[in-house]
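Before any comments, here is the structure.
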Number of protein chains: 2
Amino acid sequence: MKGLSSGDSALQKVRAAKEALTHVESNMLVGLGSGSTAHYAIEALGDLLERGELTDIAGVPTSEASGALARKRGIPLIDLPAGGVDVAIDGIDEITPELDAIKGLGGALTREKMVAASASMLILIGDASKAVDRLGMKAPIPVEILPFGWRRTQTDLEALGCRPRLRQVAEQTFLTDNGNYILDCFVSPPIDAVQLACALALQPGVVEHGLFLGMAQLAYIATAETVRTYRKGERR
Amino acid sequence: MKGLSSGDSALQKVRAAKEALTHVESNMLVGLGSGSTAHYAIEALGDLLERGELTDIAGVPTSEASGALARKRGIPLIDLPAGGVDVAIDGIDEITPELDAIKGLGGALTREKMVAASASMLILIGDASKAVDRLGMKAPIPVEILPFGWRRTQTDLEALGCRPRLRQVAEQTFLTDNGNYILDCFVSPPIDAVQLACALALQPGVVEHGLFLGMAQLAYIATAETVRTYRKGERR
């Protein structure tokens, strides 16, 4: 970890990722998240396989980028099977102590949610900057939408109390791995996240949204000093 | 209407379509449905424009096929705008007297639902064979899903009590205009359609489903003798 100080966000992400990897055993099917923190988990999983500390692992990647990294690190990959995965490890954009999270700034939220929902155990990981008391304090809620009729969908999301902004990258409309658009929906906390999640799901034109409410069993959030553990159903 | 007898399903569809067209006025933006009955409505709209009985109409097509037909008939087309459409006219696969419908055997359900939801007035049309007492009696519920992880999604829909079958056409997996798959979900009536619609909407991997519950203001269902009118909120 040359060049990383303990207050460094990258080092925190690595430590959270390694904590999550302690739940992976040989013969497991592992959901591979997307984004910088999840990539540290893929790297660490590659290391464990390389050293023979884990064997007979297969991964289900949640993005083209994670798939490419996993292949590079020698992790065998399969499509998401009917039975789901044993454990999924993924990063977050925001997380509350109740394990409610926002994901999708990387744009892979739909595949991430499908793999997460299929997992016997979902572990979320992140550095201290992702910990919030209320969702929407720092990050917008990314919503994947169909390109068809997107202006109407934007109007409908405004009616739900969001401030949606079509994601652009280098002056081009961002396309997800599924070929869709992202509306980054800014909100003013406190929000009723369950109600908003339901309204977004029911909205025609919405493929998926970045609210991951109560889906994870565990989260590891690394601070400068330690790695905090959030457990589902445990009050803090 | 040479060659059509009054008991003919095609003639019934034409009569229902013409009834729906009486609600279209000049300067309106019209949602153009998909499938055989909606195509009769597009033809009839083209006739009205050609004869100058309607002017300054624009259409929003719900499928590539409907767009192609509308262009051929000289109907100006635009993308679904933020303000939605004035009136949408579309066919159904099944409809109850309460105006709950199943749509999507043509595979265009998602765009159809987006345009229908945006309409100030939605009019559903069909021949007598589409009238049912309970949804799911004749038609499966088409569900548009992402190709990614489709086997898992199929398993999840089975858990909701459906019998999902991946749609194949000429031994190829059918692709929607959005590039997705369709699971045709067979059910055993009576079903709790509202609960199923909500569960389908909340399911990761599901883009949209073919249950159109209470969305329409009007339906015209043509029988051999007459055209029946179903009105929202009117008990029969």
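Residue names in the structure tokens use chain letters A, B, ... in the order shown, residue numbers from 1 in each chain, and ligand numbers from 1 in the order shown.
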Distance table requested - chain B against chain A, cut-off 7 Å, only C-alpha atoms: one row per qualifying residue with the closest atom pair and its distance in Å to one decimal, ordered by chain and rising residue number, as JSON lines.
```
{"residue": "B:Asp79", "atom": "CA", "partner": "A:Gly149", "partner_atom": "CA", "distance": 6.5}
{"residue": "B:Leu80", "atom": "CA", "partner": "A:Gly149", "partner_atom": "CA", "distance": 4.8}
{"residue": "B:Pro81", "atom": "CA", "partner": "A:Arg152", "partner_atom": "CA", "distance": 5.7}
{"residue": "B:Ala82", "atom": "CA", "partner": "A:Arg152", "partner_atom": "CA", "distance": 3.9}
{"residue": "B:Gly83", "atom": "CA", "partner": "A:Arg152", "partner_atom": "CA", "distance": 6.6}
{"residue": "B:Gly84", "atom": "CA", "partner": "A:Arg152", "partner_atom": "CA", "distance": 6.5}
{"residue": "B:Lys113", "atom": "CA", "partner": "A:Pro204", "partner_atom": "CA", "distance": 6.4}
{"residue": "B:Met114", "atom": "CA", "partner": "A:Pro204", "partner_atom": "CA", "distance": 5.3}
{"residue": "B:Gly149", "atom": "CA", "partner": "A:Leu80", "partner_atom": "CA", "distance": 4.8}
{"residue": "B:Arg151", "atom": "CA", "partner": "A:Ala82", "partner_atom": "CA", "distance": 4.8}
{"residue": "B:Arg152", "atom": "CA", "partner": "A:Ala82", "partner_atom": "CA", "distance": 3.9}
{"residue": "B:Thr155", "atom": "CA", "partner": "A:Ala82", "partner_atom": "CA", "distance": 5.9}
{"residue": "B:Ala201", "atom": "CA", "partner": "A:Ala201", "partner_atom": "CA", "distance": 5.5}
{"residue": "B:Leu202", "atom": "CA", "partner": "A:Ala201", "partner_atom": "CA", "distance": 5.5}
{"residue": "B:Pro204", "atom": "CA", "partner": "A:Met114", "partner_atom": "CA", "distance": 5.3}
{"residue": "B:Gly205", "atom": "CA", "partner": "A:Met114", "partner_atom": "CA", "distance": 6.2}
{"residue": "B:Val207", "atom": "CA", "partner": "A:Val207", "partner_atom": "CA", "distance": 4.9}
{"residue": "B:Glu208", "atom": "CA", "partner": "A:Pro204", "partner_atom": "CA", "distance": 7.0}
```
Selected residues written out, N, CA, C and O atoms, as a CSV table (one decimal), in the first residue's frame:
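Below is the file that was written, part.csv:
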```
chain,number,residue,atom,x,y,z
B,79,ASP,N,-41.5,12.7,-31.3
B,79,ASP,CA,-41.2,11.9,-30.1
B,79,ASP,C,-42.2,12.3,-29.0
B,79,ASP,O,-42.7,13.4,-29.0
B,80,LEU,N,-42.4,11.4,-28.1
B,80,LEU,CA,-43.3,11.6,-26.9
B,80,LEU,C,-42.7,12.9,-26.2
B,80,LEU,O,-41.6,12.8,-25.6
B,81,PRO,N,-43.5,14.0,-26.1
B,81,PRO,CA,-43.0,15.2,-25.5
B,81,PRO,C,-43.3,15.2,-24.0
B,81,PRO,O,-44.0,14.3,-23.5
B,82,ALA,N,-42.7,16.1,-23.3
B,82,ALA,CA,-42.8,16.2,-21.8
B,82,ALA,C,-44.3,16.3,-21.4
B,82,ALA,O,-44.7,15.8,-20.4
B,83,GLY,N,-45.1,17.0,-22.2
B,83,GLY,CA,-46.5,17.2,-21.9
B,83,GLY,C,-47.4,16.0,-22.2
B,83,GLY,O,-48.6,16.1,-21.9
B,84,GLY,N,-46.9,15.0,-22.8
B,84,GLY,CA,-47.7,13.8,-23.1
B,84,GLY,C,-48.6,14.0,-24.3
B,84,GLY,O,-48.4,15.0,-25.1
B,113,LYS,N,-47.4,1.6,-22.8
B,113,LYS,CA,-47.8,2.0,-21.5
B,113,LYS,C,-47.3,3.5,-21.2
B,113,LYS,O,-48.0,4.3,-20.6
B,114,MET,N,-46.1,3.8,-21.7
B,114,MET,CA,-45.6,5.1,-21.5
B,114,MET,C,-46.5,6.2,-22.2
B,114,MET,O,-46.8,7.2,-21.6
B,149,GLY,N,-29.3,-11.7,-16.9
B,149,GLY,CA,-29.8,-12.4,-15.8
B,149,GLY,C,-31.3,-12.9,-16.0
B,149,GLY,O,-32.0,-13.1,-15.0
B,151,ARG,N,-32.6,-15.7,-16.7
B,151,ARG,CA,-33.0,-16.9,-16.0
B,151,ARG,C,-33.4,-16.7,-14.6
B,151,ARG,O,-34.3,-17.3,-14.0
B,152,ARG,N,-32.7,-15.8,-13.9
B,152,ARG,CA,-33.0,-15.4,-12.5
B,152,ARG,C,-34.4,-14.7,-12.5
B,152,ARG,O,-35.2,-15.0,-11.6
B,155,THR,N,-37.1,-17.2,-12.7
B,155,THR,CA,-37.3,-17.8,-11.4
B,155,THR,C,-38.1,-16.9,-10.4
B,155,THR,O,-39.0,-17.4,-9.7
B,201,ALA,N,-43.7,-4.7,-10.9
B,201,ALA,CA,-43.0,-3.5,-11.1
B,201,ALA,C,-41.8,-3.4,-10.2
B,201,ALA,O,-40.7,-2.8,-10.5
B,202,LEU,N,-41.9,-4.0,-9.0
B,202,LEU,CA,-40.8,-3.9,-8.0
B,202,LEU,C,-39.7,-4.9,-8.3
B,202,LEU,O,-38.6,-4.8,-7.7
B,204,PRO,N,-36.5,-6.5,-9.7
B,204,PRO,CA,-35.3,-6.1,-10.5
B,204,PRO,C,-35.3,-6.9,-11.8
B,204,PRO,O,-35.5,-8.1,-11.7
B,205,GLY,N,-34.9,-6.3,-12.9
B,205,GLY,CA,-34.8,-7.0,-14.2
B,205,GLY,C,-36.1,-6.9,-15.0
B,205,GLY,O,-36.1,-7.1,-16.2
B,207,VAL,N,-38.6,-4.6,-16.9
B,207,VAL,CA,-38.7,-3.3,-17.5
B,207,VAL,C,-40.1,-2.8,-17.4
B,207,VAL,O,-40.4,-1.6,-16.9
B,208,GLU,N,-41.1,-3.6,-17.8
B,208,GLU,CA,-42.5,-3.2,-17.7
B,208,GLU,C,-43.3,-4.5,-17.9
B,208,GLU,O,-42.8,-5.5,-18.4
```
Filtered DSSP result for range 72-180 of chain B, state helix (DSSP H, G or I), as a PyMOL selection string:
chain B and resi 72+109-118+128-130+150-159
Proximity to Ala68 in chain A - best of A:Leu166, A:Ile42, A:Leu48, A:Ala101, only C-alpha atoms
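Looking only at the distances to Ala68 in chain A, the closest residue turns out to be A:Ile42.
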Give chain B as a JSON list (two decimals) with C-alpha atoms, in the first residue's frame once it has been least-squares superposed onto chain A over every C-alpha atom, paired in order.
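part15.json, freshly written:
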```json
[["chain", "number", "residue", "atom", "x", "y", "z"],
["B", 1, "MET", "CA", 0.03, 0.00, -0.02],
["B", 2, "LYS", "CA", 2.90, 2.32, -0.83],
["B", 3, "GLY", "CA", 1.90, 5.94, -1.07],
["B", 4, "LEU", "CA", -1.35, 5.48, 0.85],
["B", 5, "SER", "CA", -1.86, 7.11, 4.24],
["B", 6, "SER", "CA", -4.46, 5.73, 6.65],
["B", 7, "GLY", "CA", -6.68, 8.74, 6.04],
["B", 8, "ASP", "CA", -6.63, 8.01, 2.34],
["B", 9, "SER", "CA", -9.97, 7.12, 0.80],
["B", 10, "ALA", "CA", -8.35, 4.47, -1.43],
["B", 11, "LEU", "CA", -6.82, 2.71, 1.56],
["B", 12, "GLN", "CA", -10.16, 2.83, 3.39],
["B", 13, "LYS", "CA", -11.82, 1.22, 0.38],
["B", 14, "VAL", "CA", -9.20, -1.54, 0.30],
["B", 15, "ARG", "CA", -9.70, -2.28, 4.00],
["B", 16, "ALA", "CA", -13.48, -2.44, 3.64],
["B", 17, "ALA", "CA", -13.11, -4.72, 0.61],
["B", 18, "LYS", "CA", -10.81, -7.11, 2.46],
["B", 19, "GLU", "CA", -13.22, -7.30, 5.37],
["B", 20, "ALA", "CA", -16.00, -8.30, 2.95],
["B", 21, "LEU", "CA", -13.81, -10.98, 1.38],
["B", 22, "THR", "CA", -13.63, -12.84, 4.72],
["B", 23, "HIS", "CA", -17.20, -14.01, 3.94],
["B", 24, "VAL", "CA", -16.20, -15.66, 0.67],
["B", 25, "GLU", "CA", -15.45, -19.39, 0.82],
["B", 26, "SER", "CA", -14.23, -21.84, -1.79],
["B", 27, "ASN", "CA", -16.92, -23.14, -4.19],
["B", 28, "MET", "CA", -18.95, -19.95, -3.87],
["B", 29, "LEU", "CA", -20.56, -17.99, -6.67],
["B", 30, "VAL", "CA", -19.73, -14.33, -6.06],
["B", 31, "GLY", "CA", -21.55, -11.26, -7.35],
["B", 32, "LEU", "CA", -18.92, -8.73, -8.44],
["B", 33, "GLY", "CA", -19.99, -5.15, -7.92],
["B", 34, "SER", "CA", -19.04, -2.09, -9.93],
["B", 35, "GLY", "CA", -17.20, 1.11, -9.14],
["B", 36, "SER", "CA", -13.89, 1.87, -7.47],
["B", 37, "THR", "CA", -14.52, 0.17, -4.10],
["B", 38, "ALA", "CA", -15.96, -2.97, -5.71],
["B", 39, "HIS", "CA", -12.92, -3.05, -7.97],
["B", 40, "TYR", "CA", -10.69, -3.34, -4.91],
["B", 41, "ALA", "CA", -12.78, -6.34, -3.86],
["B", 42, "ILE", "CA", -12.29, -7.93, -7.29],
["B", 43, "GLU", "CA", -8.54, -7.32, -7.03],
["B", 44, "ALA", "CA", -8.47, -8.86, -3.54],
["B", 45, "LEU", "CA", -10.50, -11.87, -4.74],
["B", 46, "GLY", "CA", -8.04, -12.31, -7.59],
["B", 47, "ASP", "CA", -5.17, -12.29, -5.06],
["B", 48, "LEU", "CA", -6.85, -14.98, -2.93],
["B", 49, "LEU", "CA", -7.38, -17.19, -5.99],
["B", 50, "GLU", "CA", -3.83, -16.62, -7.18],
["B", 51, "ARG", "CA", -2.42, -17.64, -3.80],
["B", 52, "GLY", "CA", -4.68, -20.70, -3.71],
["B", 53, "GLU", "CA", -6.40, -19.50, -0.53],
["B", 54, "LEU", "CA", -9.71, -19.83, -2.36],
["B", 55, "THR", "CA", -10.58, -22.36, -5.09],
["B", 56, "ASP", "CA", -13.51, -23.09, -7.38],
["B", 57, "ILE", "CA", -14.87, -19.57, -7.27],
["B", 58, "ALA", "CA", -16.96, -18.13, -10.10],
["B", 59, "GLY", "CA", -18.01, -14.52, -10.45],
["B", 60, "VAL", "CA", -21.08, -12.77, -11.88],
["B", 61, "PRO", "CA", -20.02, -9.29, -12.98],
["B", 62, "THR", "CA", -22.46, -6.38, -12.71],
["B", 63, "SER", "CA", -20.84, -4.31, -15.47],
["B", 64, "GLU", "CA", -18.66, -4.69, -18.52],
["B", 65, "ALA", "CA", -15.86, -2.93, -16.61],
["B", 66, "SER", "CA", -16.03, -5.32, -13.65],
["B", 67, "GLY", "CA", -16.13, -8.29, -16.02],
["B", 68, "ALA", "CA", -13.01, -7.04, -17.80],
["B", 69, "LEU", "CA", -11.14, -6.57, -14.51],
["B", 70, "ALA", "CA", -12.21, -10.00, -13.23],
["B", 71, "ARG", "CA", -11.07, -11.69, -16.44],
["B", 72, "LYS", "CA", -7.73, -9.93, -16.15],
["B", 73, "ARG", "CA", -7.40, -11.24, -12.60],
["B", 74, "GLY", "CA", -8.24, -14.81, -13.60],
["B", 75, "ILE", "CA", -11.67, -15.01, -11.97],
["B", 76, "PRO", "CA", -13.92, -17.40, -13.97],
["B", 77, "LEU", "CA", -17.18, -15.67, -14.94],
["B", 78, "ILE", "CA", -20.68, -16.97, -15.57],
["B", 79, "ASP", "CA", -24.06, -15.40, -16.38],
["B", 80, "LEU", "CA", -26.38, -14.78, -13.44],
["B", 81, "PRO", "CA", -28.00, -18.22, -12.97],
["B", 82, "ALA", "CA", -31.56, -19.00, -11.91],
["B", 83, "GLY", "CA", -30.40, -19.80, -8.39],
["B", 84, "GLY", "CA", -28.67, -16.45, -7.86],
["B", 85, "VAL", "CA", -25.29, -15.93, -6.20],
["B", 86, "ASP", "CA", -24.02, -16.98, -2.76],
["B", 87, "VAL", "CA", -22.59, -13.62, -1.84],
["B", 88, "ALA", "CA", -22.51, -10.24, -3.58],
["B", 89, "ILE", "CA", -20.02, -7.51, -2.68],
["B", 90, "ASP", "CA", -20.64, -4.03, -3.95],
["B", 91, "GLY", "CA", -19.85, -0.39, -3.26],
["B", 92, "ILE", "CA", -22.29, 2.41, -2.43],
["B", 93, "ASP", "CA", -22.67, 6.10, -3.02],
["B", 94, "GLU", "CA", -24.43, 6.67, 0.28],
["B", 95, "ILE", "CA", -25.38, 4.39, 3.17],
["B", 96, "THR", "CA", -27.31, 4.92, 6.38],
["B", 97, "PRO", "CA", -26.76, 2.97, 9.62],
["B", 98, "GLU", "CA", -30.03, 1.13, 8.75],
["B", 99, "LEU", "CA", -28.32, -0.27, 5.62],
["B", 100, "ASP", "CA", -30.39, 1.79, 3.21],
["B", 101, "ALA", "CA", -28.19, 2.80, 0.32],
["B", 102, "ILE", "CA", -27.95, 4.79, -2.88],
["B", 103, "LYS", "CA", -26.03, 3.18, -5.71],
["B", 104, "GLY", "CA", -25.51, 3.83, -9.37],
["B", 105, "LEU", "CA", -23.25, 6.83, -9.80],
["B", 106, "GLY", "CA", -21.21, 4.42, -11.94],
["B", 107, "GLY", "CA", -24.30, 3.72, -14.03],
["B", 108, "ALA", "CA", -24.50, -0.03, -13.37],
["B", 109, "LEU", "CA", -27.37, 0.12, -10.85],
["B", 110, "THR", "CA", -29.75, -2.21, -12.65],
["B", 111, "ARG", "CA", -27.39, -5.16, -13.00],
["B", 112, "GLU", "CA", -26.07, -4.41, -9.51],
["B", 113, "LYS", "CA", -29.58, -4.60, -8.09],
["B", 114, "MET", "CA", -30.40, -7.81, -9.95],
["B", 115, "VAL", "CA", -27.29, -9.54, -8.64],
["B", 116, "ALA", "CA", -27.74, -8.06, -5.15],
["B", 117, "ALA", "CA", -31.38, -9.19, -4.99],
["B", 118, "SER", "CA", -30.36, -12.70, -6.03],
["B", 119, "ALA", "CA", -27.66, -13.00, -3.34],
["B", 120, "SER", "CA", -27.98, -15.14, -0.23],
["B", 121, "MET", "CA", -25.81, -12.48, 1.39],
["B", 122, "LEU", "CA", -25.25, -8.92, 0.19],
["B", 123, "ILE", "CA", -22.29, -7.03, 1.64],
["B", 124, "LEU", "CA", -21.91, -3.31, 0.92],
["B", 125, "ILE", "CA", -18.55, -1.63, 1.29],
["B", 126, "GLY", "CA", -17.28, 1.91, 1.27],
["B", 127, "ASP", "CA", -15.10, 4.57, 2.78],
["B", 128, "ALA", "CA", -16.24, 6.95, 5.49],
["B", 129, "SER", "CA", -17.32, 9.61, 3.01],
["B", 130, "LYS", "CA", -20.28, 7.39, 2.02],
["B", 131, "ALA", "CA", -21.81, 7.22, 5.50],
["B", 132, "VAL", "CA", -24.83, 9.50, 5.90],
["B", 133, "ASP", "CA", -27.63, 9.88, 8.40],
["B", 134, "ARG", "CA", -30.27, 10.38, 5.72],
["B", 135, "LEU", "CA", -30.34, 9.31, 2.08],
["B", 136, "GLY", "CA", -29.93, 12.04, -0.51],
["B", 137, "MET", "CA", -27.68, 14.26, 1.60],
["B", 138, "LYS", "CA", -24.71, 14.06, -0.76],
["B", 139, "ALA", "CA", -25.66, 11.92, -3.74],
["B", 140, "PRO", "CA", -28.49, 12.12, -6.27],
["B", 141, "ILE", "CA", -30.57, 8.97, -6.83],
["B", 142, "PRO", "CA", -29.63, 7.60, -10.27],
["B", 143, "VAL", "CA", -32.62, 6.30, -12.22],
["B", 144, "GLU", "CA", -32.14, 4.20, -15.35],
["B", 145, "ILE", "CA", -34.79, 5.06, -17.94],
["B", 146, "LEU", "CA", -35.60, 4.09, -21.51],
["B", 147, "PRO", "CA", -34.42, 6.59, -24.14],
["B", 148, "PHE", "CA", -37.94, 6.43, -25.65],
["B", 149, "GLY", "CA", -40.04, 9.26, -24.24],
["B", 150, "TRP", "CA", -37.34, 10.32, -21.78],
["B", 151, "ARG", "CA", -38.57, 13.91, -21.61],
["B", 152, "ARG", "CA", -41.95, 12.67, -20.41],
["B", 153, "THR", "CA", -40.29, 10.42, -17.85],
["B", 154, "GLN", "CA", -38.27, 13.39, -16.63],
["B", 155, "THR", "CA", -41.50, 15.37, -16.16],
["B", 156, "ASP", "CA", -43.06, 12.46, -14.28],
["B", 157, "LEU", "CA", -40.08, 12.24, -11.92],
["B", 158, "GLU", "CA", -40.31, 15.98, -11.26],
["B", 159, "ALA", "CA", -43.91, 15.35, -10.22],
["B", 160, "LEU", "CA", -42.57, 12.86, -7.64],
["B", 161, "GLY", "CA", -40.58, 15.70, -6.04],
["B", 162, "CYS", "CA", -37.19, 14.99, -7.63],
["B", 163, "ARG", "CA", -34.93, 17.31, -9.58],
["B", 164, "PRO", "CA", -33.88, 14.97, -12.41],
["B", 165, "ARG", "CA", -30.90, 15.78, -14.61],
["B", 166, "LEU", "CA", -30.06, 13.73, -17.70],
["B", 167, "ARG", "CA", -26.56, 12.35, -17.21],
["B", 168, "GLN", "CA", -24.04, 13.65, -19.72],
["B", 169, "VAL", "CA", -20.43, 12.58, -20.07],
["B", 170, "ALA", "CA", -18.11, 14.61, -22.28],
["B", 171, "GLU", "CA", -21.15, 16.42, -23.70],
["B", 172, "GLN", "CA", -22.72, 13.11, -24.78],
["B", 173, "THR", "CA", -25.76, 11.49, -23.19],
["B", 174, "PHE", "CA", -24.44, 8.70, -20.98],
["B", 175, "LEU", "CA", -25.57, 5.20, -22.02],
["B", 176, "THR", "CA", -25.77, 2.30, -19.54],
["B", 177, "ASP", "CA", -24.54, -1.19, -20.39],
["B", 178, "ASN", "CA", -28.22, -1.90, -21.17],
["B", 179, "GLY", "CA", -28.31, 0.95, -23.71],
["B", 180, "ASN", "CA", -30.47, 3.22, -21.55],
["B", 181, "TYR", "CA", -30.23, 6.75, -20.11],
["B", 182, "ILE", "CA", -29.69, 7.85, -16.50],
["B", 183, "LEU", "CA", -31.62, 10.63, -14.80],
["B", 184, "ASP", "CA", -29.70, 11.74, -11.70],
["B", 185, "CYS", "CA", -32.48, 12.71, -9.32],
["B", 186, "PHE", "CA", -31.56, 15.26, -6.69],
["B", 187, "VAL", "CA", -33.76, 15.27, -3.60],
["B", 188, "SER", "CA", -34.10, 17.35, -0.45],
["B", 189, "PRO", "CA", -33.75, 15.17, 2.67],
["B", 190, "PRO", "CA", -35.53, 13.99, 4.64],
["B", 191, "ILE", "CA", -37.30, 11.87, 2.02],
["B", 192, "ASP", "CA", -39.68, 8.95, 2.43],
["B", 193, "ALA", "CA", -37.33, 6.53, 0.66],
["B", 194, "VAL", "CA", -39.72, 3.56, 0.66],
["B", 195, "GLN", "CA", -42.52, 5.59, -0.88],
["B", 196, "LEU", "CA", -40.18, 7.12, -3.47],
["B", 197, "ALA", "CA", -38.71, 3.71, -4.35],
["B", 198, "CYS", "CA", -42.20, 2.33, -4.92],
["B", 199, "ALA", "CA", -43.31, 5.33, -7.00],
["B", 200, "LEU", "CA", -40.18, 5.09, -9.14],
["B", 201, "ALA", "CA", -40.68, 1.35, -9.68],
["B", 202, "LEU", "CA", -44.29, 1.91, -10.79],
["B", 203, "GLN", "CA", -43.34, 4.68, -13.24],
["B", 204, "PRO", "CA", -43.54, 3.60, -16.91],
["B", 205, "GLY", "CA", -40.22, 4.30, -18.61],
["B", 206, "VAL", "CA", -38.20, 3.62, -15.47],
["B", 207, "VAL", "CA", -36.06, 0.49, -15.77],
["B", 208, "GLU", "CA", -34.59, 0.63, -12.27],
["B", 209, "HIS", "CA", -33.59, 3.11, -9.58],
["B", 210, "GLY", "CA", -30.60, 3.41, -7.30],
["B", 211, "LEU", "CA", -32.38, 3.09, -3.94],
["B", 212, "PHE", "CA", -31.25, -0.17, -2.28],
["B", 213, "LEU", "CA", -33.44, -0.30, 0.81],
["B", 214, "GLY", "CA", -32.83, -2.96, 3.43],
["B", 215, "MET", "CA", -31.31, -5.31, 0.87],
["B", 216, "ALA", "CA", -27.92, -5.83, 2.52],
["B", 217, "GLN", "CA", -27.18, -8.08, 5.48],
["B", 218, "LEU", "CA", -23.87, -6.39, 6.21],
["B", 219, "ALA", "CA", -21.87, -3.27, 5.43],
["B", 220, "TYR", "CA", -18.23, -2.48, 6.10],
["B", 221, "ILE", "CA", -17.47, 1.22, 6.24],
["B", 222, "ALA", "CA", -13.82, 2.08, 6.66],
["B", 223, "THR", "CA", -12.77, 5.22, 8.51],
["B", 224, "ALA", "CA", -9.25, 6.51, 9.05],
["B", 225, "GLU", "CA", -9.02, 4.50, 12.30],
["B", 226, "THR", "CA", -11.12, 1.36, 11.84],
["B", 227, "VAL", "CA", -13.66, -0.55, 9.78],
["B", 228, "ARG", "CA", -17.19, -0.09, 11.11],
["B", 229, "THR", "CA", -19.63, -2.99, 10.73],
["B", 230, "TYR", "CA", -23.29, -2.31, 10.06],
["B", 231, "ARG", "CA", -25.55, -5.35, 10.54],
["B", 232, "LYS", "CA", -29.14, -5.64, 9.38],
["B", 233, "GLY", "CA", -31.63, -5.29, 12.18],
["B", 234, "GLU", "CA", -29.03, -4.00, 14.62],
["B", 235, "ARG", "CA", -29.81, -0.62, 16.06],
["B", 236, "ARG", "CA", -26.98, 1.85, 16.35]]
```
Could you pull out the residues in range 32-215 of chain A that DSSP calls strand (DSSP E or B) from the backbone, as a PyMOL selection string?
chain A and resi 32+58-61+77+87-91+94-95+101-102+121-127+131+141-145+163-166+168-169+172-173+181-186+206-209+211-212
